[in-house]
Amino acid sequence: MSSSQNPHEGENDAFVGADEVDEILQQDEDHPMDSDPEDTDQPMQEISLENDSAAHFDHHKDSLFCIAQHPLHNSIVITGSGDDTAYLFVSTPLNDKPVLPQSYESNPQPRGERKSLQPLAKMDGHTDSVNAVAFTEPKGEYVVTAGLDGKLRAWRDTSPNLTGFSWEFVGETQEVEEINWVAPCPCEPGDEEKSNIIAFGANDGSAWVFRIDHRETSEPISITQTFFQHTASCTAGAWTPDGKLLATVSEDGSFFVYDVFGAAAAAGVSHSAGTNAVVGLTQQDQRFAVDGGLYSVAIAPTGTFAAVGGAEGHIKIVGLPRLPSSSGAATSSKSQSRSATSHSTGGSSAAGTLLASLQAQTDGVETLSFSAPPLNLLAAGSVDGSIALFDTAHRFAVRRHIKEAHETSAVVKVEFLHSRSPAPAVARPAPLANATGGQRSWLLTSVGMDGVVRRWDARGGTAAAAQGLLNEWRGHMGVVENEEGESSGGIMGFVQGLDGKRVVTAGDDGIALVFEE
C-alpha cells in the first residue's frame, strides 16, 4: 500500500538538479551539434542530375573517345573506348514514349530504371585505347577500329543485304606506334577505285591509305599510299568531297594535300618534287606560320579550298586544285561551285595559295565544319569555349561570334547538317529515317567539355536572338578536376542522323547517350 500512497517515490533519481545543468551545458559548449568542422573548409559542389536523353549505352568500362555511324543505316553506331574495345549498337530507343502521362493511366505502375541499349557486336583485340573508328564508303561494308597501340583492325558485315546486324573479323595491320585519326574515303556507288578505302594519321607524322577487301585472303588490309612529309604528329585529316585528294595537318604547323589516286597528275597538276603532294605549306612561309601547330582541317563542299585551324585561334584558308569530275559524278556541282568564294579560281592556279588568315578566337581551333549549299558558312569551335561563323562568300567576314557557346569549356566538335542520298529501304526494327537534311543545312550542332549538346540556327547575323541557340540537351557529366589536378568529363564526339532528328554522343564518363528532337 505504501507504493500506492507514494506513486512518485524513487523518480527523483531520474531528474537532474539545477546545479548539474550548468555543468552539463558547459561541457557541451565546445561540441556544437549543428556544425561539422570538416565541412567548413570544403566548398559546396552542385551536382546536376538533369538527363534529357531518350536512351543510353553503358557497356564500356572506361571513357569513350570516338564514335561513328553507318553511312546508310544511321541508327547503327560504333564507339571506341579507353577500355581497349569498341562496340556496335543500334541507337533506336528500346521503348516508345508513352502517348499519355502516367497520371492518366487507370492503374499506373512504377517505372523501373531504364535499361541500356544492347550491343550488336564487340570489337576487341587492341592492347591500348581505341581512339578512332569508321565505316567504309559507300555501303558500310567494313568497320575499322584504330588504337593507341598502332593497330588498325577491320570487321566485315556478313548480314544478308548488308543490314549491319552480323559482323566477323577480317584482319589487322600495324605500321605505326599510335594512330591519331581515321577517315573513310568518300565514294559513290559503283566507284571501285575508291570503294572501302581508309586513311589514317599517326603520331610520327606519317599518313597512310589502305584498301580493305576480305576476298584478298593473304592481305585483306593492303597499303595504297604512304606519306611522310610531316615532321611531328599528324593531328587531323580530311578528304575532298570527290575522294580524289587527302589533306593532312600536323603539330609542326605544316599542311599537305596528296594526290592519292593520280587524278591531279592526270589533270596536269604538278606535284612537289619527289612527293605526291599537290599542296605543301610549312612554317617556313611566314604568312602561313602558326606557332603551336595545326589541329583541324575541313574541305569546302566545292572542293576548291580548305580551312586549317591551329593554336591561338588561327585559321588559314588555302586554295586547292580543281580537278575534272569523274564520269558519272553529279554534274549539279557546277551550280554549287559558282557559289564558292570569289577568292577561288579555276584550274590549278589557286592551288596552295593562301586565300585568307582569320583569328576571331583566342585559343586553339580544334574543330571546323562547312555548311552545305545554298549557305556559304564555315564554323570554328575553339578551346576558349566559343564558336565563330565565317561567311566564305564575302571574304570570310565574321558572321557571328558566340563567345560562350559552351561557357568557359572547350568546344570539342561542331558540325553542320549535310544531305546525302537516302539508303534503299531495308526491313529492320524502328529504323532512323534516311531523309535528306539539305533543307536544314543551316542547322549547326556542337558539343563541349561542359557535357552539353547544343543546336544553333546559323542563319542571320551578329544580332541573332540568343545567338541562334535552338535547343540544348544535358545528361553527360561536365569536366571536373580530381585531387591530382587531372580533368575528366565532357563529350568527346557525336554523330547525327541525316535528318538531324537524332544525336548520339560519346562521353568521357563512359556512356553513349541518345538525344531526339
# chains A, B, ... in the order shown; residues from 1 in each chain; ligands from 1

$ residues_around --residues "Lys61 in chain A" --least-positions-apart "4" --cutoff "8 Å" --atoms "only C-alpha atoms" --output "number ranges by chain"
A: 81-83, 510

$ write_last_selection --atoms "C-alpha atoms" --output "mmCIF file, in the first residue's frame"
data_model
loop_
_atom_site.group_PDB
_atom_site.id
_atom_site.type_symbol
_atom_site.label_atom_id
_atom_site.label_comp_id
_atom_site.auth_asym_id
_atom_site.auth_seq_id
_atom_site.Cartn_x
_atom_site.Cartn_y
_atom_site.Cartn_z
ATOM 1 C CA SER A 81 36.881 3.415 -75.563
ATOM 2 C CA GLY A 82 39.760 3.580 -73.157
ATOM 3 C CA ASP A 83 38.894 0.009 -72.183
ATOM 4 C CA GLY A 510 31.922 6.121 -70.334
#

$ select_by_dssp --residues "range 71-197 of chain A" --states "strand (DSSP E or B)" --output "PDB file with C-alpha atoms, in the first residue's frame"
ATOM      1  CA  ILE A  76      23.886   1.689 -86.328  1.00  0.00           C
ATOM      2  CA  VAL A  77      26.664   3.309 -84.306  1.00  0.00           C
ATOM      3  CA  ILE A  78      30.148   2.280 -83.180  1.00  0.00           C
ATOM      4  CA  THR A  79      32.002   3.661 -80.152  1.00  0.00           C
ATOM      5  CA  GLY A  80      35.655   3.275 -79.137  1.00  0.00           C
ATOM      6  CA  SER A  81      36.881   3.415 -75.563  1.00  0.00           C
ATOM      7  CA  ALA A  86      34.714  -0.913 -79.491  1.00  0.00           C
ATOM      8  CA  TYR A  87      31.003  -1.737 -79.568  1.00  0.00           C
ATOM      9  CA  LEU A  88      28.428  -1.691 -82.342  1.00  0.00           C
ATOM     10  CA  PHE A  89      24.852  -0.986 -81.304  1.00  0.00           C
ATOM     11  CA  VAL A  90      21.537   0.283 -82.657  1.00  0.00           C
ATOM     12  CA  PRO A 119      25.424  -4.367 -78.417  1.00  0.00           C
ATOM     13  CA  LEU A 120      25.309  -5.870 -81.879  1.00  0.00           C
ATOM     14  CA  ALA A 121      28.980  -6.805 -81.688  1.00  0.00           C
ATOM     15  CA  LYS A 122      32.045  -6.298 -79.526  1.00  0.00           C
ATOM     16  CA  MET A 123      35.302  -5.406 -81.277  1.00  0.00           C
ATOM     17  CA  VAL A 130      40.575   2.716 -79.218  1.00  0.00           C
ATOM     18  CA  ASN A 131      40.582   6.371 -80.233  1.00  0.00           C
ATOM     19  CA  ALA A 132      39.316   6.250 -83.840  1.00  0.00           C
ATOM     20  CA  VAL A 133      36.548   4.278 -85.580  1.00  0.00           C
ATOM     21  CA  ALA A 134      34.922   4.460 -89.013  1.00  0.00           C
ATOM     22  CA  PHE A 135      32.682   2.677 -91.513  1.00  0.00           C
ATOM     23  CA  TYR A 142      33.503  -2.780 -93.303  1.00  0.00           C
ATOM     24  CA  VAL A 143      34.082  -1.098 -89.955  1.00  0.00           C
ATOM     25  CA  VAL A 144      37.567  -0.313 -88.658  1.00  0.00           C
ATOM     26  CA  THR A 145      38.977   0.411 -85.218  1.00  0.00           C
ATOM     27  CA  ALA A 146      42.286   2.197 -84.625  1.00  0.00           C
ATOM     28  CA  GLY A 147      44.145   2.477 -81.348  1.00  0.00           C
ATOM     29  CA  LYS A 151      46.764  -1.330 -84.747  1.00  0.00           C
ATOM     30  CA  LEU A 152      44.175  -0.929 -87.498  1.00  0.00           C
ATOM     31  CA  ARG A 153      41.613  -3.743 -87.236  1.00  0.00           C
ATOM     32  CA  ALA A 154      38.749  -4.437 -89.638  1.00  0.00           C
ATOM     33  CA  TRP A 155      35.432  -6.327 -89.476  1.00  0.00           C
ATOM     34  CA  ARG A 156      33.036  -7.234 -92.297  1.00  0.00           C
ATOM     35  CA  ASP A 157      29.252  -7.049 -92.414  1.00  0.00           C
ATOM     36  CA  TRP A 167      29.956  -8.896 -88.240  1.00  0.00           C
ATOM     37  CA  GLU A 168      33.085 -11.025 -88.475  1.00  0.00           C
ATOM     38  CA  PHE A 169      36.762 -10.173 -88.045  1.00  0.00           C
ATOM     39  CA  VAL A 170      38.741  -9.662 -91.275  1.00  0.00           C
ATOM     40  CA  GLY A 171      42.268  -8.811 -90.199  1.00  0.00           C
ATOM     41  CA  GLU A 172      44.625  -6.257 -88.726  1.00  0.00           C
ATOM     42  CA  THR A 173      47.759  -4.331 -89.611  1.00  0.00           C
ATOM     43  CA  GLN A 174      50.263  -2.356 -87.550  1.00  0.00           C
ATOM     44  CA  ILE A 179      47.046   6.183 -84.651  1.00  0.00           C
ATOM     45  CA  ASN A 180      45.504   9.624 -84.111  1.00  0.00           C
ATOM     46  CA  TRP A 181      42.579   9.668 -86.570  1.00  0.00           C
ATOM     47  CA  VAL A 182      40.820   7.657 -89.256  1.00  0.00           C
ATOM     48  CA  ALA A 183      38.900   8.989 -92.279  1.00  0.00           C
ATOM     49  CA  PRO A 184      36.965   6.895 -94.828  1.00  0.00           C
ATOM     50  CA  ILE A 197      39.381   2.982 -98.710  1.00  0.00           C
TER      51      ILE A 197
END

$ closest_residue --among "A:Val479, A:Ile491, A:Leu377, A:Ala247" --to "Gly461 in chain A" --atoms "only C-alpha atoms"
A:Leu377

$ residues_around --residues "range 311-326 of chain A" --least-positions-apart "3" --cutoff "8 Å" --atoms "only C-alpha atoms" --output "number ranges by chain"
A: 263-264, 267, 269, 278-279, 288, 290-295, 303-308, 329, 331, 344, 346-365, 382

$ residues_around --residues "Val209 in chain A" --least-positions-apart "5" --cutoff "9 Å" --atoms "only C-alpha atoms" --output "number ranges by chain"
A: 197-200, 222-227, 260

$ closest_residue --among "A:Ala372, A:Cys234, A:Leu281, A:Met477" --to "Thr302 in chain A" --atoms "only C-alpha atoms"
A:Ala372

$ closest_residue --among "A:Gly190, A:Pro301, A:Gly468, A:Pro220" --to "Asp242 in chain A" --atoms "only C-alpha atoms"
A:Pro301

$ select_by_dssp --residues "range 65-160 of chain A" --states "helix (DSSP H, G or I)" --output "list in words"
Gln102, Ser103, Tyr104 and Pro160 of chain A

$ write_last_selection --atoms "C-alpha atoms" --output "CSV table (one decimal), in the first residue's frame"
chain,number,residue,atom,x,y,z
A,102,GLN,CA,1.5,8.3,-66.2
A,103,SER,CA,-1.2,10.2,-64.2
A,104,TYR,CA,-3.7,9.4,-66.9
A,160,PRO,CA,22.0,-10.5,-95.6

$ atom_distance --atom1 "CA of Gly489 in chain A" --atom2 "CA of Gly507 in chain A"
7.2 Å

$ atom_distance --atom1 "CA of Ala405 in chain A" --atom2 "CA of Asp384 in chain A"
9.5 Å

$ atom_distance --atom1 "CA of Leu245 in chain A" --atom2 "CA of Glu137 in chain A"
15.4 Å

$ residues_around --residues "Ala238 in chain A" --least-positions-apart "2" --cutoff "7 Å" --atoms "only C-alpha atoms" --output "PyMOL selection string"
chain A and resi 183+240+246-248+297-299

$ residues_around --residues "Glu177 in chain A" --least-positions-apart "5" --cutoff "8 Å" --atoms "only C-alpha atoms" --output "number ranges by chain"
A: 148-150, 202-204

$ write_last_selection --atoms "C-alpha atoms" --output "PDB file, in the first residue's frame"
ATOM      1  CA  LEU A 148      46.978   3.975 -79.397  1.00  0.00           C
ATOM      2  CA  ASP A 149      48.608   0.571 -79.851  1.00  0.00           C
ATOM      3  CA  GLY A 150      49.095   1.419 -83.546  1.00  0.00           C
ATOM      4  CA  ALA A 202      49.957   8.690 -86.879  1.00  0.00           C
ATOM      5  CA  ASN A 203      51.909  10.198 -84.011  1.00  0.00           C
ATOM      6  CA  ASP A 204      55.144  10.002 -86.032  1.00  0.00           C
TER       7      ASP A 204
END

$ closest_residue --among "A:Arg399, A:Lys139, A:His60, A:His230" --to "Phe255 in chain A" --atoms "only C-alpha atoms"
A:His230
